[in-house]
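Novice: Take this structure, written in structure tokens, and hold onto it; I'll ask about it next.
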Amino acid sequence: MTTLTQPDSTSALASTGSSLGQFVSDGWIATRRNLVKIKRVPEILVFTILQPIMFVLLFSQVYGGAMAIDNYTLFLMAGIFAQTVIFGSTFSGAAMAQDLKDGIIDRFRTLPMSPAAVLVGRTNGDLAINSISMLIMMATGWAVGWRVTTSFWGFLGGVAMLLLFSYSFSWVMALLGMSVRSPEIINNASFMILFPLTFISNAFVPIHTMPDILRVIAEWNPVSALVASARQLFGNTYAEFPEPTAWTLQHPFVTVFIGIAVMLLVFVPLAIRKFESISSR
Amino acid sequence: MTIIEARGLTKIYKTKTGAVHALDGLDLSVPRGTVKSLLGPNGAGKTTAVKVLTTLIKPDRGTAHIDGIDVAAAPKEVRRIIGVAGQYAAVDENLTGFENLEMVGRLYHLGAKTARRRAQELIDQFELTEAGNRPVKGFSGGMRRRIDLAGALVINPKILFLDEPTTGLDPRSRLALWGVIKNLVAEGTTLLLTTQYLEEADQLSDDIAVIDGGRVIAEGTADELKAQIGGHRVVVTLVDEADAGTAVGILARHGEGEAQVSGDGRVVEVPVTDGPRALQYVLADLGEAKIQLHDAGMRRPTLDDVFLKLTGRKAESDDDDDGGAGTGTGSQRVKTELENAK
């Protein structure tokens with residue numbers, strides 16, 4: 001800690017590049033940081049790999065027999081996919097709050113980097129977590145009888161839609177994390193809000209079996225539209241269920257894409273603006 | 001030539017109990033190649049000042065220029081030339097020391113190769129080899145501080161901001177960090193440093209700005225500040241604290257201004273003009289009053305005295321964490337003190 005080399009001049013060290021090139025590079029560096037974190041933090045790996053396996057097996061094997069649905073596993077999988085990737089998006093909330101608390105956001109904000117890059121990196125991190133979880137769930141589901149009965153493109157479209165929806169939701173959670181500033185509150189609040197949100201939907205049971213009030217909530221819950229769209233794309237639909245009466249479920253794809261558009265168009269700019277003004281306390 | 005310049009910086013935070021003036025018309029100017037310390041207790045506004053100057057927060061009023069660049073208008077230009085180490089060691093726990101520094105270099109847009117070379121140089125210079133290849137998680141506070149400080153030096157910045165760089169460090173790490181800082185300054189880096197430690201300001205800086213209530217209440221070299229409050233102090237330590245009242249009277253009679261009781265109520269001191277003579281008189285009178293002493297003597301004023309004089313409160317130090325529980329009533333007291341000084 002004694003000798004320091006003569007500084008090169010700042011201008012000679014710092015290169016200039018196009019702003020798009022810098023944005024891509026900054027975004028990749030911020031993403032890489034979050035990918036390393038997945039690898040090195042055991043809790044994240046448990047959530048990403050073990051929990052999806054457990055959920056698929058528990059729901060399909062424990063509840064399957066009692067459900068008045070032929071082949072409950074086919075019905076269940078789209079619901080489990082949606083629930084898992086939505087929960088996966090809460091990492092962005094907790095991580096932004098934690099980074100703010102630790103002062104790392106202050107470090108980033110004093111660097112000449114693109115202000116959106118940290119958020120892009122963080123939401124990409126969620127996308128990576130969710131992609132791994134999806135692969136694990138699909139493999140587990142296949143092992144217990146889940147099948148896609150449409151086409152390869154239907155399958156791919158369903159997976160892409162689930163990931164895109166959760167990616168957009170990561171931006172919502174990132175904004176919440178920066179606003180609430182407490183990783184603990186974000187984690188607890190996520191459970192308090194997301195459990196009802198994903199359960200009062202068509203994810204695990206058919207909506208027409210619910211009491212009226214819950215049924216209306218479930219019909220307008222965007223998670224229901226997401227699950228309904230995924231079921232259609234995977235061909236996991238049930239002709240014996242009554243036709244949906246709510247507009248949202250008659251047009252599930254439109255509903256999902258309105259949801260995605262709102263999340264991206266509103267929350268991406270809001271989150272970036274928030275990022276440009278926050279600092280640790 | 002001035003490289004850091006702030007005029008009338010004001011930052012108001014609204015809280016449940018009302019508006020808090022974190023900065024209240026702060027003026028600051030730091031000549032190129034010098035070290036300025038912002039000295040003040042918790043809540044004085046030091047960190048807020050650094051955050052405004054390093055583009056982290058925007059002031060409600062006032063302007064700040066770094067190397068001629070307006071901080072509010074062109075934050076990104078400012079960020080290209082500054083290095084910052086905040087109050088917390090801002091390192092990613094899951095990355096190794098090397099990866100942390102490389103990431104910072106890449107985000108300064110040094111390019112992959114230069115960023116890696118520079119990270120390795122800093123690892124060597126800061127003796128971080130141990131932390132270089134293992135995740136930061138699990139390393140001591142001192143090690144994290146060093147990685148954080150190394151992060152602030154990745155581009156060899158023209159201007160360096162360090163917010164309480166040695167808070168929470170053990171004495172040995174603190175000395176080591178002082179060494180690093182002195183070397184940097186010898187090479188021409190301009191440094192703005194905040195600290196609660198008077199000794200640190202005295203050791204490291206050319207110039208000290210004493211901050212309280214969000215503005216600069218006194219400024220100058222350590223010697224100038226000490227000179228402002230006159231010559232020696234006479235200090236006596238009593239055997240029995242019951243004698244304190246009598247002793248205060250005697251010291252006040254031979255001194256200039258109020259006698260102060262500190263420590264556990266047994267240490268009494270007063271500023272004096274003619275030190276040795278005042279000490280003789282004080283001892284004679286104390287002897288006549290049959291007051292027993294553990295210790296008696298003179299001392300030169302320290303920056304602690306400067307702080308007490310200016311703010312009416314004791315400055316915080318390592319072994320004294322009673323914080324703002326001083327005797328003064330904030331800015332009112334400061335005003336009277338400053339007026340008296342004129």
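Labels for the structure tokens follow display order: chains A, B, ..., residues from 1 in each chain, ligands from 1.
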Near chain A, meaning an atom within 9 Å, which residues of chain B appear when counting only C-alpha atoms? Write them as number ranges by chain.
Specialist: B: 51, 54-58, 75-92, 94-95, 99, 103-104, 106-111, 114, 121-122, 124-128, 135, 151-152, 155-158, 176-177, 179-180, 183-184, 187
Novice: Considering only C-alpha atoms, return as a PyMOL selection string whatever protein or nucleic-acid residues lie within 12 Å of B:Arg7, sequence-local ones (same chain, fewer than 6 positions apart) excluded.
Specialist: chain B and resi 23-29+49+52-53+59+61-66+70-71+215-216
Novice: Residues near A:Gln98, anyone? I mean within 8 Å using only C-alpha atoms, not counting same-chain ones fewer than 5 positions away, as a short mmCIF file (atom, residue, chain, number, x, y, z; two decimals) with N, CA and C atoms, in the first residue's frame.
Specialist:
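Below you can see out-v4.cif, which holds the result:
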data_model
loop_
_atom_site.label_atom_id
_atom_site.label_comp_id
_atom_site.auth_asym_id
_atom_site.auth_seq_id
_atom_site.Cartn_x
_atom_site.Cartn_y
_atom_site.Cartn_z
N ARG A 181 -36.84 0.97 -0.77
CA ARG A 181 -35.48 1.03 -0.21
C ARG A 181 -35.17 -0.05 0.80
N SER A 182 -36.08 -0.99 1.07
CA SER A 182 -35.75 -2.03 2.04
C SER A 182 -35.95 -3.39 1.41
N PRO A 183 -34.85 -4.15 1.26
CA PRO A 183 -34.98 -5.48 0.65
C PRO A 183 -35.94 -6.37 1.43
#
Novice: Using only C-alpha atoms, which of B:Leu310, B:Val272, B:Asp240, B:Asp163 sits nearest B:Gln228?
Specialist: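 For B:Gln228, the nearest of the given residues is B:Leu310.
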Novice: Find the spatial neighbours of B:Thr273, counting only C-alpha atoms, within a cut-off of 9 Å - ignore same-chain residues fewer than 6 positions away - and output them as a PyMOL selection string.
Specialist: chain B and resi 230-233+255-256
Novice: Based on DSSP run over this structure's backbone, return all residues of stretch 101-323 of chain B in strand (DSSP E or B), as a PDB file with N, CA and C atoms, in the first residue's frame.
Specialist:
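The resulting file, selection-v8.pdb, is shown below:
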ATOM      1  N   PRO B 135     -14.405 -13.892  -3.693  1.00  0.00           N
ATOM      2  CA  PRO B 135     -15.490 -12.933  -3.526  1.00  0.00           C
ATOM      3  C   PRO B 135     -15.288 -12.092  -2.263  1.00  0.00           C
ATOM      4  N   ILE B 159      -9.582  14.646  -9.719  1.00  0.00           N
ATOM      5  CA  ILE B 159     -10.225  15.119  -8.499  1.00  0.00           C
ATOM      6  C   ILE B 159     -10.821  13.932  -7.773  1.00  0.00           C
ATOM      7  N   LEU B 160     -10.483  13.843  -6.504  1.00  0.00           N
ATOM      8  CA  LEU B 160     -10.913  12.699  -5.715  1.00  0.00           C
ATOM      9  C   LEU B 160     -11.774  13.173  -4.550  1.00  0.00           C
ATOM     10  N   PHE B 161     -12.898  12.465  -4.345  1.00  0.00           N
ATOM     11  CA  PHE B 161     -13.767  12.777  -3.216  1.00  0.00           C
ATOM     12  C   PHE B 161     -13.800  11.576  -2.284  1.00  0.00           C
ATOM     13  N   LEU B 162     -13.484  11.791  -1.024  1.00  0.00           N
ATOM     14  CA  LEU B 162     -13.531  10.691  -0.068  1.00  0.00           C
ATOM     15  C   LEU B 162     -14.423  11.104   1.102  1.00  0.00           C
ATOM     16  N   ASP B 163     -15.511  10.376   1.266  1.00  0.00           N
ATOM     17  CA  ASP B 163     -16.447  10.711   2.335  1.00  0.00           C
ATOM     18  C   ASP B 163     -16.168   9.826   3.539  1.00  0.00           C
ATOM     19  N   THR B 190      -6.172  16.487  -6.666  1.00  0.00           N
ATOM     20  CA  THR B 190      -6.932  17.376  -5.783  1.00  0.00           C
ATOM     21  C   THR B 190      -7.876  16.507  -4.967  1.00  0.00           C
ATOM     22  N   LEU B 191      -7.916  16.754  -3.659  1.00  0.00           N
ATOM     23  CA  LEU B 191      -8.724  15.880  -2.804  1.00  0.00           C
ATOM     24  C   LEU B 191      -9.679  16.692  -1.945  1.00  0.00           C
ATOM     25  N   LEU B 192     -10.924  16.273  -1.952  1.00  0.00           N
ATOM     26  CA  LEU B 192     -11.886  16.802  -0.991  1.00  0.00           C
ATOM     27  C   LEU B 192     -12.287  15.645  -0.090  1.00  0.00           C
ATOM     28  N   LEU B 193     -12.125  15.872   1.196  1.00  0.00           N
ATOM     29  CA  LEU B 193     -12.249  14.789   2.165  1.00  0.00           C
ATOM     30  C   LEU B 193     -13.219  15.236   3.234  1.00  0.00           C
ATOM     31  N   THR B 194     -14.081  14.346   3.688  1.00  0.00           N
ATOM     32  CA  THR B 194     -14.878  14.717   4.858  1.00  0.00           C
ATOM     33  C   THR B 194     -14.428  13.860   6.017  1.00  0.00           C
ATOM     34  N   THR B 195     -14.534  14.406   7.190  1.00  0.00           N
ATOM     35  CA  THR B 195     -14.132  13.619   8.347  1.00  0.00           C
ATOM     36  C   THR B 195     -14.775  14.162   9.611  1.00  0.00           C
ATOM     37  N   ASP B 207      -6.090  22.650   4.009  1.00  0.00           N
ATOM     38  CA  ASP B 207      -7.087  23.643   4.357  1.00  0.00           C
ATOM     39  C   ASP B 207      -8.305  22.928   4.938  1.00  0.00           C
ATOM     40  N   ILE B 208      -8.911  23.528   5.947  1.00  0.00           N
ATOM     41  CA  ILE B 208     -10.052  22.896   6.602  1.00  0.00           C
ATOM     42  C   ILE B 208     -11.250  23.827   6.536  1.00  0.00           C
ATOM     43  N   ALA B 209     -12.409  23.265   6.171  1.00  0.00           N
ATOM     44  CA  ALA B 209     -13.648  24.026   6.285  1.00  0.00           C
ATOM     45  C   ALA B 209     -14.475  23.362   7.378  1.00  0.00           C
ATOM     46  N   VAL B 210     -14.767  24.107   8.432  1.00  0.00           N
ATOM     47  CA  VAL B 210     -15.578  23.554   9.508  1.00  0.00           C
ATOM     48  C   VAL B 210     -17.039  23.767   9.132  1.00  0.00           C
ATOM     49  N   ILE B 211     -17.808  22.680   9.119  1.00  0.00           N
ATOM     50  CA  ILE B 211     -19.190  22.734   8.664  1.00  0.00           C
ATOM     51  C   ILE B 211     -20.125  22.441   9.820  1.00  0.00           C
ATOM     52  N   ASP B 212     -21.165  23.234   9.912  1.00  0.00           N
ATOM     53  CA  ASP B 212     -22.214  22.953  10.888  1.00  0.00           C
ATOM     54  C   ASP B 212     -23.505  23.539  10.356  1.00  0.00           C
ATOM     55  N   ARG B 215     -23.623  24.769   6.530  1.00  0.00           N
ATOM     56  CA  ARG B 215     -22.780  25.801   5.921  1.00  0.00           C
ATOM     57  C   ARG B 215     -21.409  25.843   6.581  1.00  0.00           C
ATOM     58  N   VAL B 216     -20.501  26.544   5.913  1.00  0.00           N
ATOM     59  CA  VAL B 216     -19.142  26.649   6.426  1.00  0.00           C
ATOM     60  C   VAL B 216     -19.123  27.723   7.502  1.00  0.00           C
ATOM     61  N   ILE B 217     -18.721  27.346   8.703  1.00  0.00           N
ATOM     62  CA  ILE B 217     -18.696  28.343   9.775  1.00  0.00           C
ATOM     63  C   ILE B 217     -17.296  28.835  10.066  1.00  0.00           C
ATOM     64  N   ALA B 218     -16.306  28.174   9.542  1.00  0.00           N
ATOM     65  CA  ALA B 218     -14.941  28.683   9.690  1.00  0.00           C
ATOM     66  C   ALA B 218     -14.072  27.986   8.659  1.00  0.00           C
ATOM     67  N   GLU B 219     -13.013  28.659   8.239  1.00  0.00           N
ATOM     68  CA  GLU B 219     -12.188  28.089   7.194  1.00  0.00           C
ATOM     69  C   GLU B 219     -10.760  28.563   7.372  1.00  0.00           C
ATOM     70  N   GLY B 220      -9.833  27.698   7.052  1.00  0.00           N
ATOM     71  CA  GLY B 220      -8.433  28.090   7.124  1.00  0.00           C
ATOM     72  C   GLY B 220      -7.550  26.883   7.344  1.00  0.00           C
ATOM     73  N   ARG B 233      -4.273  26.839  27.011  1.00  0.00           N
ATOM     74  CA  ARG B 233      -5.304  26.533  27.980  1.00  0.00           C
ATOM     75  C   ARG B 233      -4.641  26.021  29.262  1.00  0.00           C
ATOM     76  N   VAL B 234      -5.246  26.362  30.391  1.00  0.00           N
ATOM     77  CA  VAL B 234      -4.823  25.758  31.654  1.00  0.00           C
ATOM     78  C   VAL B 234      -5.823  24.654  31.978  1.00  0.00           C
ATOM     79  N   VAL B 235      -5.294  23.481  32.294  1.00  0.00           N
ATOM     80  CA  VAL B 235      -6.150  22.319  32.553  1.00  0.00           C
ATOM     81  C   VAL B 235      -5.788  21.729  33.917  1.00  0.00           C
ATOM     82  N   VAL B 236      -6.796  21.528  34.757  1.00  0.00           N
ATOM     83  CA  VAL B 236      -6.523  20.842  36.019  1.00  0.00           C
ATOM     84  C   VAL B 236      -7.465  19.658  36.169  1.00  0.00           C
ATOM     85  N   THR B 237      -6.969  18.597  36.772  1.00  0.00           N
ATOM     86  CA  THR B 237      -7.795  17.425  37.054  1.00  0.00           C
ATOM     87  C   THR B 237      -7.951  17.314  38.568  1.00  0.00           C
ATOM     88  N   LEU B 238      -9.210  17.340  39.017  1.00  0.00           N
ATOM     89  CA  LEU B 238      -9.495  17.342  40.449  1.00  0.00           C
ATOM     90  C   LEU B 238      -9.532  15.927  41.002  1.00  0.00           C
ATOM     91  N   GLN B 260     -14.493  25.424  31.367  1.00  0.00           N
ATOM     92  CA  GLN B 260     -15.316  24.283  30.968  1.00  0.00           C
ATOM     93  C   GLN B 260     -14.988  23.070  31.841  1.00  0.00           C
ATOM     94  N   VAL B 261     -16.033  22.344  32.199  1.00  0.00           N
ATOM     95  CA  VAL B 261     -15.822  21.099  32.924  1.00  0.00           C
ATOM     96  C   VAL B 261     -16.036  19.960  31.930  1.00  0.00           C
ATOM     97  N   SER B 262     -15.123  19.003  31.905  1.00  0.00           N
ATOM     98  CA  SER B 262     -15.314  17.887  30.973  1.00  0.00           C
ATOM     99  C   SER B 262     -14.870  16.603  31.640  1.00  0.00           C
ATOM    100  N   VAL B 267     -12.339  17.314  35.260  1.00  0.00           N
ATOM    101  CA  VAL B 267     -11.352  18.053  34.472  1.00  0.00           C
ATOM    102  C   VAL B 267     -11.906  19.448  34.169  1.00  0.00           C
ATOM    103  N   VAL B 268     -11.183  20.465  34.590  1.00  0.00           N
ATOM    104  CA  VAL B 268     -11.635  21.841  34.389  1.00  0.00           C
ATOM    105  C   VAL B 268     -10.568  22.562  33.577  1.00  0.00           C
ATOM    106  N   GLU B 269     -11.008  23.332  32.567  1.00  0.00           N
ATOM    107  CA  GLU B 269     -10.012  24.051  31.790  1.00  0.00           C
ATOM    108  C   GLU B 269     -10.532  25.401  31.341  1.00  0.00           C
ATOM    109  N   VAL B 270      -9.578  26.272  31.021  1.00  0.00           N
ATOM    110  CA  VAL B 270      -9.948  27.621  30.621  1.00  0.00           C
ATOM    111  C   VAL B 270      -8.877  28.159  29.674  1.00  0.00           C
ATOM    112  N   PRO B 271      -9.285  28.908  28.647  1.00  0.00           N
ATOM    113  CA  PRO B 271      -8.287  29.570  27.794  1.00  0.00           C
ATOM    114  C   PRO B 271      -7.634  30.718  28.556  1.00  0.00           C
ATOM    115  N   LEU B 293      -5.399  18.062  43.695  1.00  0.00           N
ATOM    116  CA  LEU B 293      -5.324  17.846  42.250  1.00  0.00           C
ATOM    117  C   LEU B 293      -4.638  16.532  41.914  1.00  0.00           C
ATOM    118  N   HIS B 294      -5.152  15.881  40.871  1.00  0.00           N
ATOM    119  CA  HIS B 294      -4.441  14.742  40.288  1.00  0.00           C
ATOM    120  C   HIS B 294      -3.376  15.233  39.341  1.00  0.00           C
ATOM    121  N   ASP B 295      -3.717  16.298  38.619  1.00  0.00           N
ATOM    122  CA  ASP B 295      -2.880  16.716  37.499  1.00  0.00           C
ATOM    123  C   ASP B 295      -3.155  18.187  37.225  1.00  0.00           C
ATOM    124  N   ALA B 296      -2.159  18.879  36.717  1.00  0.00           N
ATOM    125  CA  ALA B 296      -2.360  20.262  36.318  1.00  0.00           C
ATOM    126  C   ALA B 296      -1.353  20.606  35.246  1.00  0.00           C
ATOM    127  N   GLY B 297      -1.746  21.474  34.296  1.00  0.00           N
ATOM    128  CA  GLY B 297      -0.791  21.840  33.264  1.00  0.00           C
ATOM    129  C   GLY B 297      -1.378  22.778  32.234  1.00  0.00           C
ATOM    130  N   MET B 298      -0.546  23.012  31.213  1.00  0.00           N
ATOM    131  CA  MET B 298      -1.003  23.847  30.099  1.00  0.00           C
ATOM    132  C   MET B 298      -1.025  22.981  28.851  1.00  0.00           C
ATOM    133  N   ARG B 299      -1.867  23.371  27.891  1.00  0.00           N
ATOM    134  CA  ARG B 299      -1.766  22.720  26.575  1.00  0.00           C
ATOM    135  C   ARG B 299      -2.109  23.718  25.485  1.00  0.00           C
ATOM    136  N   SER B 317     -15.457  12.133  18.532  1.00  0.00           N
ATOM    137  CA  SER B 317     -14.198  11.449  18.292  1.00  0.00           C
ATOM    138  C   SER B 317     -14.364   9.988  18.622  1.00  0.00           C
ATOM    139  N   ASP B 320     -15.596   9.059  22.134  1.00  0.00           N
ATOM    140  CA  ASP B 320     -16.589   9.956  22.710  1.00  0.00           C
ATOM    141  C   ASP B 320     -17.804   9.911  21.797  1.00  0.00           C
TER     142      ASP B 320
END
Novice: Just want the 6 Å neighbourhood of stretch 169-179 of chain A, counted on only C-alpha atoms, with same-chain residues fewer than 2 positions away dropped. Output as a PyMOL selection string.
Specialist: chain A and resi 89-90+92-94+96-97+123+166-167+181+267+271
Novice: Contacts between stretch 213-237 of chain A and stretch 92-209 of chain A, please, where a residue of stretch 92-209 of chain A counts if it comes within 6 Å (with only C-alpha atoms); show its shortest atom pair and distance in Å to one decimal, rows by chain and ascending number, as JSON lines.
Specialist:
{"residue": "A:Val148", "atom": "CA", "partner": "A:Phe234", "partner_atom": "CA", "distance": 4.8}
{"residue": "A:Thr149", "atom": "CA", "partner": "A:Gly235", "partner_atom": "CA", "distance": 5.0}
{"residue": "A:Thr150", "atom": "CA", "partner": "A:Gly235", "partner_atom": "CA", "distance": 5.2}
{"residue": "A:Gly154", "atom": "CA", "partner": "A:Leu233", "partner_atom": "CA", "distance": 4.8}
{"residue": "A:Phe155", "atom": "CA", "partner": "A:Phe234", "partner_atom": "CA", "distance": 5.5}
{"residue": "A:Gly158", "atom": "CA", "partner": "A:Ala230", "partner_atom": "CA", "distance": 5.1}
{"residue": "A:Ile200", "atom": "CA", "partner": "A:Ala218", "partner_atom": "CA", "distance": 5.3}
{"residue": "A:Ser201", "atom": "CA", "partner": "A:Ala218", "partner_atom": "CA", "distance": 4.3}
{"residue": "A:Asn202", "atom": "CA", "partner": "A:Ser224", "partner_atom": "CA", "distance": 5.2}
{"residue": "A:Ile207", "atom": "CA", "partner": "A:Arg215", "partner_atom": "CA", "distance": 5.9}
Novice: Go ahead and write the selection's residues with N, CA, C and O atoms as an mmCIF file, in the first residue's frame.
Specialist:
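For reference, selection27.cif as written:
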data_model
loop_
_atom_site.group_PDB
_atom_site.id
_atom_site.type_symbol
_atom_site.label_atom_id
_atom_site.label_comp_id
_atom_site.auth_asym_id
_atom_site.auth_seq_id
_atom_site.Cartn_x
_atom_site.Cartn_y
_atom_site.Cartn_z
ATOM 1 N N VAL A 148 -46.918 -30.705 -24.870
ATOM 2 C CA VAL A 148 -47.402 -29.613 -25.728
ATOM 3 C C VAL A 148 -48.057 -30.269 -26.937
ATOM 4 O O VAL A 148 -47.440 -31.105 -27.602
ATOM 5 N N THR A 149 -49.324 -29.899 -27.196
ATOM 6 C CA THR A 149 -50.042 -30.604 -28.265
ATOM 7 C C THR A 149 -50.223 -29.731 -29.485
ATOM 8 O O THR A 149 -50.903 -30.109 -30.425
ATOM 9 N N THR A 150 -49.657 -28.522 -29.478
ATOM 10 C CA THR A 150 -49.791 -27.670 -30.666
ATOM 11 C C THR A 150 -48.612 -27.889 -31.588
ATOM 12 O O THR A 150 -48.491 -28.933 -32.198
ATOM 13 N N GLY A 154 -45.845 -22.880 -31.395
ATOM 14 C CA GLY A 154 -46.750 -22.596 -30.289
ATOM 15 C C GLY A 154 -46.014 -22.703 -28.963
ATOM 16 O O GLY A 154 -46.123 -21.830 -28.088
ATOM 17 N N PHE A 155 -45.222 -23.748 -28.858
ATOM 18 C CA PHE A 155 -44.426 -23.966 -27.651
ATOM 19 C C PHE A 155 -43.472 -22.795 -27.401
ATOM 20 O O PHE A 155 -43.438 -22.193 -26.333
ATOM 21 N N GLY A 158 -45.275 -19.612 -26.443
ATOM 22 C CA GLY A 158 -45.734 -19.629 -25.053
ATOM 23 C C GLY A 158 -44.616 -19.305 -24.093
ATOM 24 O O GLY A 158 -44.760 -18.490 -23.180
ATOM 25 N N ILE A 200 -55.511 -16.270 -6.853
ATOM 26 C CA ILE A 200 -56.857 -15.866 -7.287
ATOM 27 C C ILE A 200 -56.798 -15.622 -8.791
ATOM 28 O O ILE A 200 -56.864 -14.507 -9.293
ATOM 29 N N SER A 201 -56.617 -16.693 -9.506
ATOM 30 C CA SER A 201 -56.512 -16.649 -10.965
ATOM 31 C C SER A 201 -56.834 -18.057 -11.447
ATOM 32 O O SER A 201 -57.148 -18.939 -10.646
ATOM 33 N N ASN A 202 -56.715 -18.261 -12.736
ATOM 34 C CA ASN A 202 -56.972 -19.601 -13.269
ATOM 35 C C ASN A 202 -55.726 -20.474 -13.253
ATOM 36 O O ASN A 202 -55.687 -21.509 -13.908
ATOM 37 N N ILE A 207 -61.570 -21.101 -13.207
ATOM 38 C CA ILE A 207 -62.228 -19.932 -12.619
ATOM 39 C C ILE A 207 -63.718 -20.184 -12.326
ATOM 40 O O ILE A 207 -64.260 -19.690 -11.340
#
